[in-house]
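Q: For reference, the structure I am asking about is given below.
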Amino acid sequence: MIKNYIQAARLRTLPLSVSGIIVGSFIAASQDVFNILICALALITTVGFQIISNFANDYGDGVKGTDNKDRIGPKRAIQSGAISPAQMLNAIKISVGVTFICAIALIYYSFGKDDFFNLFIFFILGIMSIVAAIKYTMGSKAYGYSGFGDVFVFLFFGVLSVCGSYYLFSKQIDFKVVMPAFSIGLLSVSVLNLNNLRDRESDIKAGKNTLVVKIGNKAGKYYHYILLILSLLFALMYTIMNYKSAYQLLFLIAYFPILKHLKVVYMNKFPKLLDPELKKIAISTFLFSILFGIGLLL
């Protein structure tokens, strides 16, 4: 039974989810404001958000019938019958409780008990993150079914993840940090978009109106190219504005597999063949976060 929940948690998605925290932490380290406990708590909390999202996605798509025989990707827990809807709902509740406690610990340790303003702001952001993770596919007004998934992924896994984690360390706003935050956000959205390109036909049948369903396969591909190219440009802009050494260009290595990936997407005619590309972009995003950060410290 535990094995089924581990599979439903989709561990392969976790490196992508923590990429923003890694970038924010490295930027903080480059400015001598890094704190290992804040970093650890932020990583744990973010993993919690991702697991909630994965469980909720399994539940929402499972009970709505979106996960069916037409779906190209691997079978989900509810779809296969490994976990019942009631059991998955309990798993979501437990995950929310544990993640909420971790988030409170992170916020309290970062700001102390007297910084009411920051405590309140990040408490609200924590609640919003949990709600966003759940409402992607769950409920009658799930935003993943109306084409808004891209916006939420960009904001929560890009802007909030990088800028929020940086603020936890530094207690200050640096608008330049928005640029690498945009890079992570765009790369994260590209993973979602690739998933939606793969599942477009089954999503149409299930009534899941993702952005790709709305704009079509061809436009979805062009949108994909734009996401990846802009992610590179924002990273380059930040590097140019904060240039100190050539090591800061190390992150370009992560874009070599992405360039190859762009060709694969351009040539693709059979959506199911895009499935292996999901892992490649997710790993490339994680590699980008590591190399980008290392480049700042060397």
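Following the order of the structure tokens, first chain is A, next is B, and so on, with residues numbered from 1 inside each chain and ligands from 1 in the order they appear.
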Do a neighbour search on Ala40 in chain A at 9 Å with only C-alpha atoms, toss out local chain neighbours closer than 5 positions, and write the hits as a short mmCIF file (atom, residue, chain, number, x, y, z; two decimals) with N, CA and C atoms, in the first residue's frame.

A:
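Written output follows (out01.cif):
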```
data_model
loop_
_atom_site.label_atom_id
_atom_site.label_comp_id
_atom_site.auth_asym_id
_atom_site.auth_seq_id
_atom_site.Cartn_x
_atom_site.Cartn_y
_atom_site.Cartn_z
N ASN A 35 21.14 30.74 4.83
CA ASN A 35 20.94 30.05 6.10
C ASN A 35 20.51 28.62 5.79
N THR A 45 9.12 22.09 2.56
CA THR A 45 7.78 22.66 2.35
C THR A 45 7.38 22.61 0.89
N LEU A 106 8.92 27.13 8.90
CA LEU A 106 9.77 27.92 8.02
C LEU A 106 9.55 29.41 8.23
#
```

Q: Using only C-alpha atoms, which residues sit within 12 Å of Ala29 in chain A once same-chain residues fewer than 2 positions away are excluded, as a ChimeraX atom specification?

A: /A:22-27,31-36,38-39,165-166,169-170,293-298

Q: Could the residues in this selection be saved with C-alpha atoms as a PDB file, in the first residue's frame?

A:
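See out.pdb below for the written result:
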```pdb
ATOM      1  CA  ILE A  22      17.694  26.184  -5.282  1.00  0.00           C
ATOM      2  CA  VAL A  23      18.071  29.319  -7.406  1.00  0.00           C
ATOM      3  CA  GLY A  24      16.785  31.605  -4.646  1.00  0.00           C
ATOM      4  CA  SER A  25      19.124  29.945  -2.137  1.00  0.00           C
ATOM      5  CA  PHE A  26      22.176  30.290  -4.383  1.00  0.00           C
ATOM      6  CA  ILE A  27      21.448  33.967  -5.012  1.00  0.00           C
ATOM      7  CA  GLN A  31      25.177  37.775  -1.199  1.00  0.00           C
ATOM      8  CA  ASP A  32      26.288  36.141   2.088  1.00  0.00           C
ATOM      9  CA  VAL A  33      22.762  35.890   3.546  1.00  0.00           C
ATOM     10  CA  PHE A  34      22.303  32.115   3.207  1.00  0.00           C
ATOM     11  CA  ASN A  35      20.941  30.045   6.104  1.00  0.00           C
ATOM     12  CA  ILE A  36      21.028  26.240   5.902  1.00  0.00           C
ATOM     13  CA  ILE A  38      15.834  28.102   6.113  1.00  0.00           C
ATOM     14  CA  CYS A  39      16.963  26.343   2.952  1.00  0.00           C
ATOM     15  CA  SER A 165      12.884  31.946  -0.938  1.00  0.00           C
ATOM     16  CA  TYR A 166      15.355  34.775  -1.588  1.00  0.00           C
ATOM     17  CA  PHE A 169      17.024  34.730   3.525  1.00  0.00           C
ATOM     18  CA  SER A 170      17.625  38.409   2.789  1.00  0.00           C
ATOM     19  CA  GLY A 293      23.801  28.841  -8.707  1.00  0.00           C
ATOM     20  CA  ILE A 294      27.296  27.386  -8.875  1.00  0.00           C
ATOM     21  CA  GLY A 295      28.203  30.031 -11.438  1.00  0.00           C
ATOM     22  CA  LEU A 296      27.248  32.749  -8.957  1.00  0.00           C
ATOM     23  CA  LEU A 297      29.591  31.355  -6.298  1.00  0.00           C
ATOM     24  CA  LEU A 298      32.678  30.645  -8.401  1.00  0.00           C
TER      25      LEU A 298
END
```

Q: Per DSSP on the backbone, what are the alpha helix (DSSP H) residues of range 16-199 of chain A, as a PDB file with C-alpha atoms, in the first residue's frame?

A:
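Printed below is out-v2.pdb as written:
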```
ATOM      1  CA  LEU A  16      11.644  20.309 -10.911  1.00  0.00           C
ATOM      2  CA  SER A  17       9.547  21.612  -8.017  1.00  0.00           C
ATOM      3  CA  SER A  19      14.506  24.228  -8.731  1.00  0.00           C
ATOM      4  CA  GLY A  20      13.167  27.647  -7.759  1.00  0.00           C
ATOM      5  CA  ILE A  21      14.220  27.211  -4.126  1.00  0.00           C
ATOM      6  CA  ILE A  22      17.694  26.184  -5.282  1.00  0.00           C
ATOM      7  CA  VAL A  23      18.071  29.319  -7.406  1.00  0.00           C
ATOM      8  CA  GLY A  24      16.785  31.605  -4.646  1.00  0.00           C
ATOM      9  CA  SER A  25      19.124  29.945  -2.137  1.00  0.00           C
ATOM     10  CA  PHE A  26      22.176  30.290  -4.383  1.00  0.00           C
ATOM     11  CA  ILE A  27      21.448  33.967  -5.012  1.00  0.00           C
ATOM     12  CA  ALA A  28      21.224  34.454  -1.245  1.00  0.00           C
ATOM     13  CA  ALA A  29      24.506  32.579  -0.772  1.00  0.00           C
ATOM     14  CA  SER A  30      26.202  34.801  -3.349  1.00  0.00           C
ATOM     15  CA  ILE A  36      21.028  26.240   5.902  1.00  0.00           C
ATOM     16  CA  LEU A  37      17.972  25.664   8.112  1.00  0.00           C
ATOM     17  CA  ILE A  38      15.834  28.102   6.113  1.00  0.00           C
ATOM     18  CA  CYS A  39      16.963  26.343   2.952  1.00  0.00           C
ATOM     19  CA  ALA A  40      16.124  22.887   4.328  1.00  0.00           C
ATOM     20  CA  LEU A  41      12.691  23.956   5.580  1.00  0.00           C
ATOM     21  CA  ALA A  42      11.934  25.703   2.280  1.00  0.00           C
ATOM     22  CA  LEU A  43      12.877  22.570   0.320  1.00  0.00           C
ATOM     23  CA  ILE A  44      10.775  20.314   2.555  1.00  0.00           C
ATOM     24  CA  THR A  45       7.783  22.662   2.353  1.00  0.00           C
ATOM     25  CA  THR A  46       8.031  22.906  -1.430  1.00  0.00           C
ATOM     26  CA  VAL A  47       8.221  19.126  -1.761  1.00  0.00           C
ATOM     27  CA  GLY A  48       5.078  19.015   0.381  1.00  0.00           C
ATOM     28  CA  PHE A  49       3.279  21.422  -1.956  1.00  0.00           C
ATOM     29  CA  GLN A  50       4.278  19.281  -4.945  1.00  0.00           C
ATOM     30  CA  ILE A  51       3.086  16.052  -3.333  1.00  0.00           C
ATOM     31  CA  ILE A  52      -0.240  17.700  -2.467  1.00  0.00           C
ATOM     32  CA  SER A  53      -0.518  18.816  -6.086  1.00  0.00           C
ATOM     33  CA  ASN A  54       0.290  15.326  -7.405  1.00  0.00           C
ATOM     34  CA  PHE A  55      -2.210  13.633  -5.092  1.00  0.00           C
ATOM     35  CA  ALA A  56      -4.875  16.227  -5.932  1.00  0.00           C
ATOM     36  CA  ASN A  57      -4.153  15.841  -9.642  1.00  0.00           C
ATOM     37  CA  ASP A  58      -4.561  12.072  -9.365  1.00  0.00           C
ATOM     38  CA  TYR A  59      -7.806  12.522  -7.427  1.00  0.00           C
ATOM     39  CA  GLY A  60      -9.294  15.270  -9.613  1.00  0.00           C
ATOM     40  CA  ASP A  61      -8.542  13.619 -12.946  1.00  0.00           C
ATOM     41  CA  GLY A  62      -9.483  10.221 -11.539  1.00  0.00           C
ATOM     42  CA  VAL A  63     -12.969  11.078 -10.276  1.00  0.00           C
ATOM     43  CA  ALA A  77      -3.261   5.454  -8.776  1.00  0.00           C
ATOM     44  CA  ILE A  78      -7.041   5.992  -8.863  1.00  0.00           C
ATOM     45  CA  GLN A  79      -7.203   5.151 -12.560  1.00  0.00           C
ATOM     46  CA  SER A  80      -5.520   1.793 -11.957  1.00  0.00           C
ATOM     47  CA  PRO A  85     -10.819   8.064  -4.180  1.00  0.00           C
ATOM     48  CA  ALA A  86     -11.580   8.068  -0.434  1.00  0.00           C
ATOM     49  CA  GLN A  87      -8.082   6.880   0.410  1.00  0.00           C
ATOM     50  CA  MET A  88      -6.536   9.497  -1.866  1.00  0.00           C
ATOM     51  CA  LEU A  89      -8.642  12.210  -0.265  1.00  0.00           C
ATOM     52  CA  ASN A  90      -7.317  11.170   3.157  1.00  0.00           C
ATOM     53  CA  ALA A  91      -3.759  11.238   1.776  1.00  0.00           C
ATOM     54  CA  ILE A  92      -4.343  14.783   0.546  1.00  0.00           C
ATOM     55  CA  LYS A  93      -5.609  15.878   3.970  1.00  0.00           C
ATOM     56  CA  ILE A  94      -2.597  14.344   5.741  1.00  0.00           C
ATOM     57  CA  SER A  95      -0.200  15.928   3.230  1.00  0.00           C
ATOM     58  CA  VAL A  96      -1.836  19.327   3.712  1.00  0.00           C
ATOM     59  CA  GLY A  97      -1.491  19.025   7.503  1.00  0.00           C
ATOM     60  CA  VAL A  98       2.179  18.028   7.414  1.00  0.00           C
ATOM     61  CA  THR A  99       3.067  20.648   4.793  1.00  0.00           C
ATOM     62  CA  PHE A 100       1.220  23.363   6.717  1.00  0.00           C
ATOM     63  CA  ILE A 101       3.236  22.575   9.852  1.00  0.00           C
ATOM     64  CA  CYS A 102       6.478  22.718   7.839  1.00  0.00           C
ATOM     65  CA  ALA A 103       5.426  26.043   6.304  1.00  0.00           C
ATOM     66  CA  ILE A 104       4.664  27.509   9.747  1.00  0.00           C
ATOM     67  CA  ALA A 105       8.062  26.339  11.031  1.00  0.00           C
ATOM     68  CA  LEU A 106       9.766  27.922   8.016  1.00  0.00           C
ATOM     69  CA  ILE A 107       7.992  31.240   8.426  1.00  0.00           C
ATOM     70  CA  TYR A 108       8.506  31.398  12.195  1.00  0.00           C
ATOM     71  CA  TYR A 109      12.201  30.541  11.979  1.00  0.00           C
ATOM     72  CA  SER A 110      12.759  33.060   9.163  1.00  0.00           C
ATOM     73  CA  PHE A 111      11.043  36.043  10.782  1.00  0.00           C
ATOM     74  CA  PHE A 116       3.997  40.495  12.242  1.00  0.00           C
ATOM     75  CA  PHE A 117       3.898  41.945   8.713  1.00  0.00           C
ATOM     76  CA  ASN A 118       6.130  39.305   7.135  1.00  0.00           C
ATOM     77  CA  LEU A 119       4.580  36.539   9.239  1.00  0.00           C
ATOM     78  CA  PHE A 120       1.125  37.502   7.960  1.00  0.00           C
ATOM     79  CA  ILE A 121       2.179  37.901   4.303  1.00  0.00           C
ATOM     80  CA  PHE A 122       3.952  34.544   4.132  1.00  0.00           C
ATOM     81  CA  PHE A 123       1.179  32.833   6.072  1.00  0.00           C
ATOM     82  CA  ILE A 124      -1.272  33.986   3.396  1.00  0.00           C
ATOM     83  CA  LEU A 125       1.139  32.926   0.637  1.00  0.00           C
ATOM     84  CA  GLY A 126       1.393  29.502   2.262  1.00  0.00           C
ATOM     85  CA  ILE A 127      -2.392  29.124   2.342  1.00  0.00           C
ATOM     86  CA  MET A 128      -2.612  30.271  -1.280  1.00  0.00           C
ATOM     87  CA  SER A 129       0.029  27.735  -2.312  1.00  0.00           C
ATOM     88  CA  ILE A 130      -1.896  24.885  -0.702  1.00  0.00           C
ATOM     89  CA  VAL A 131      -5.166  26.008  -2.286  1.00  0.00           C
ATOM     90  CA  ALA A 132      -3.484  26.356  -5.691  1.00  0.00           C
ATOM     91  CA  ALA A 133      -2.012  22.854  -5.389  1.00  0.00           C
ATOM     92  CA  ILE A 134      -5.436  21.379  -4.626  1.00  0.00           C
ATOM     93  CA  LYS A 135      -7.594  23.386  -7.029  1.00  0.00           C
ATOM     94  CA  GLY A 149      -2.739  26.102 -15.196  1.00  0.00           C
ATOM     95  CA  ASP A 150       0.141  27.813 -16.990  1.00  0.00           C
ATOM     96  CA  VAL A 151      -0.377  31.068 -15.070  1.00  0.00           C
ATOM     97  CA  PHE A 152      -0.414  29.374 -11.681  1.00  0.00           C
ATOM     98  CA  VAL A 153       2.639  27.223 -12.428  1.00  0.00           C
ATOM     99  CA  PHE A 154       4.543  30.321 -13.557  1.00  0.00           C
ATOM    100  CA  SER A 165      12.884  31.946  -0.938  1.00  0.00           C
ATOM    101  CA  TYR A 166      15.355  34.775  -1.588  1.00  0.00           C
ATOM    102  CA  TYR A 167      13.289  37.089   0.624  1.00  0.00           C
ATOM    103  CA  LEU A 168      13.230  34.509   3.428  1.00  0.00           C
ATOM    104  CA  PHE A 169      17.024  34.730   3.525  1.00  0.00           C
ATOM    105  CA  SER A 170      17.625  38.409   2.789  1.00  0.00           C
ATOM    106  CA  VAL A 178      12.637  38.453 -10.878  1.00  0.00           C
ATOM    107  CA  MET A 179      14.644  37.571 -14.015  1.00  0.00           C
ATOM    108  CA  PRO A 180      15.912  34.121 -12.913  1.00  0.00           C
ATOM    109  CA  ALA A 181      12.496  33.628 -11.286  1.00  0.00           C
ATOM    110  CA  PHE A 182      10.936  34.149 -14.712  1.00  0.00           C
ATOM    111  CA  SER A 183      13.418  31.644 -16.174  1.00  0.00           C
ATOM    112  CA  ILE A 184      12.413  28.940 -13.692  1.00  0.00           C
ATOM    113  CA  GLY A 185       8.737  29.806 -14.113  1.00  0.00           C
ATOM    114  CA  LEU A 186       8.914  29.579 -17.912  1.00  0.00           C
ATOM    115  CA  LEU A 187      10.823  26.295 -17.793  1.00  0.00           C
ATOM    116  CA  SER A 188       8.239  24.879 -15.375  1.00  0.00           C
ATOM    117  CA  VAL A 189       5.396  26.003 -17.632  1.00  0.00           C
ATOM    118  CA  SER A 190       7.139  24.346 -20.585  1.00  0.00           C
ATOM    119  CA  VAL A 191       6.914  21.002 -18.743  1.00  0.00           C
ATOM    120  CA  LEU A 192       3.191  21.525 -18.213  1.00  0.00           C
ATOM    121  CA  ASN A 193       2.737  22.613 -21.822  1.00  0.00           C
ATOM    122  CA  LEU A 194       4.587  19.537 -23.071  1.00  0.00           C
ATOM    123  CA  ASN A 195       2.295  17.388 -20.930  1.00  0.00           C
ATOM    124  CA  ASN A 196      -0.708  19.171 -22.450  1.00  0.00           C
ATOM    125  CA  LEU A 197       0.627  18.694 -25.988  1.00  0.00           C
ATOM    126  CA  ARG A 198       0.962  14.983 -25.275  1.00  0.00           C
TER     127      ARG A 198
END
```

Q: At what distance in Å, to one decimal, does CA of Leu250 in chain A lie from CA of Phe292 in chain A?

A: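 Atom-to-atom, CA of Phe292 in chain A and CA of Leu250 in chain A are spaced 6.4 Å apart.
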
Q: With a distance cut-off of 6 Å and only C-alpha atoms, select the neighbouring residues of Thr210 in chain A, excluding the residue or stretch itself and same-chain residues fewer than 2 positions from it, and output the selection as a list in words.

A: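 Here the qualifying residues turn out to be Tyr145, Ser146, Gly147, Lys208, Val212 and Val213 of chain A.
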
Q: What is the distance, in Å and to one decimal place, between CA of Leu287 in chain A and CA of Tyr238 in chain A?

A: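 Separation between CA of Leu287 in chain A and CA of Tyr238 in chain A: 17.5 Å.
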
Q: Restricting the calculation to only C-alpha atoms, which member of A:Pro15, A:Gly81, A:Gly144, A:Gly158 is positioned closest to Asn209 in chain A?

A: A:Gly144

Q: If you count only C-alpha atoms, which residues fall within 10 Å of Leu236 in chain A, apart from same-chain ones fewer than 5 positions away, as a VMD selection string?

A: chain A and resid 179 to 180 183 230 to 231 241 to 243 248 to 249 251 to 252

Q: If you keep C-alpha atoms, can you produce a file of those selected residues as a CSV table (one decimal), in the first residue's frame?

A:
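Done, and the output landed in out.csv:
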```
chain,number,residue,atom,x,y,z
A,179,MET,CA,14.6,37.6,-14.0
A,180,PRO,CA,15.9,34.1,-12.9
A,183,SER,CA,13.4,31.6,-16.2
A,230,LEU,CA,12.4,33.5,-23.1
A,231,SER,CA,13.7,31.4,-20.2
A,241,MET,CA,23.5,42.8,-15.2
A,242,ASN,CA,25.4,41.0,-12.4
A,243,TYR,CA,28.4,39.9,-14.4
A,248,GLN,CA,28.2,32.6,-14.5
A,249,LEU,CA,27.5,31.3,-18.0
A,251,PHE,CA,24.0,27.4,-17.0
A,252,LEU,CA,24.2,27.4,-20.8
```

Q: For each of A:Ile173, A:Tyr266, A:Pro271, A:Thr137, take the minimum atom-to-atom distance to Tyr225 in chain A, counting only C-alpha atoms, then give the residue where this is smallest.

A: A:Tyr266

Q: Restricting the calculation to only C-alpha atoms, which member of A:Phe256, A:Phe234, A:Tyr223, A:Phe157 is positioned closest to Leu14 in chain A?

A: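 Using only C-alpha atoms, the shortest distance to Leu14 in chain A belongs to A:Phe157.
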
Q: I need the residue nearest Ala282 in chain A from this list: A:Ala254, A:Leu227, A:Met267, A:Ala142. Use only C-alpha atoms for the distance.

A: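 Nearest candidate to Ala282 in chain A out of A:Ala254, A:Leu227, A:Met267, A:Ala142: A:Ala254.
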
Q: Can you measure CA of Met138 in chain A to CA of Lys64 in chain A for me? One decimal in Å is fine.

A: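 These two atoms are separated by 8.9 Å.
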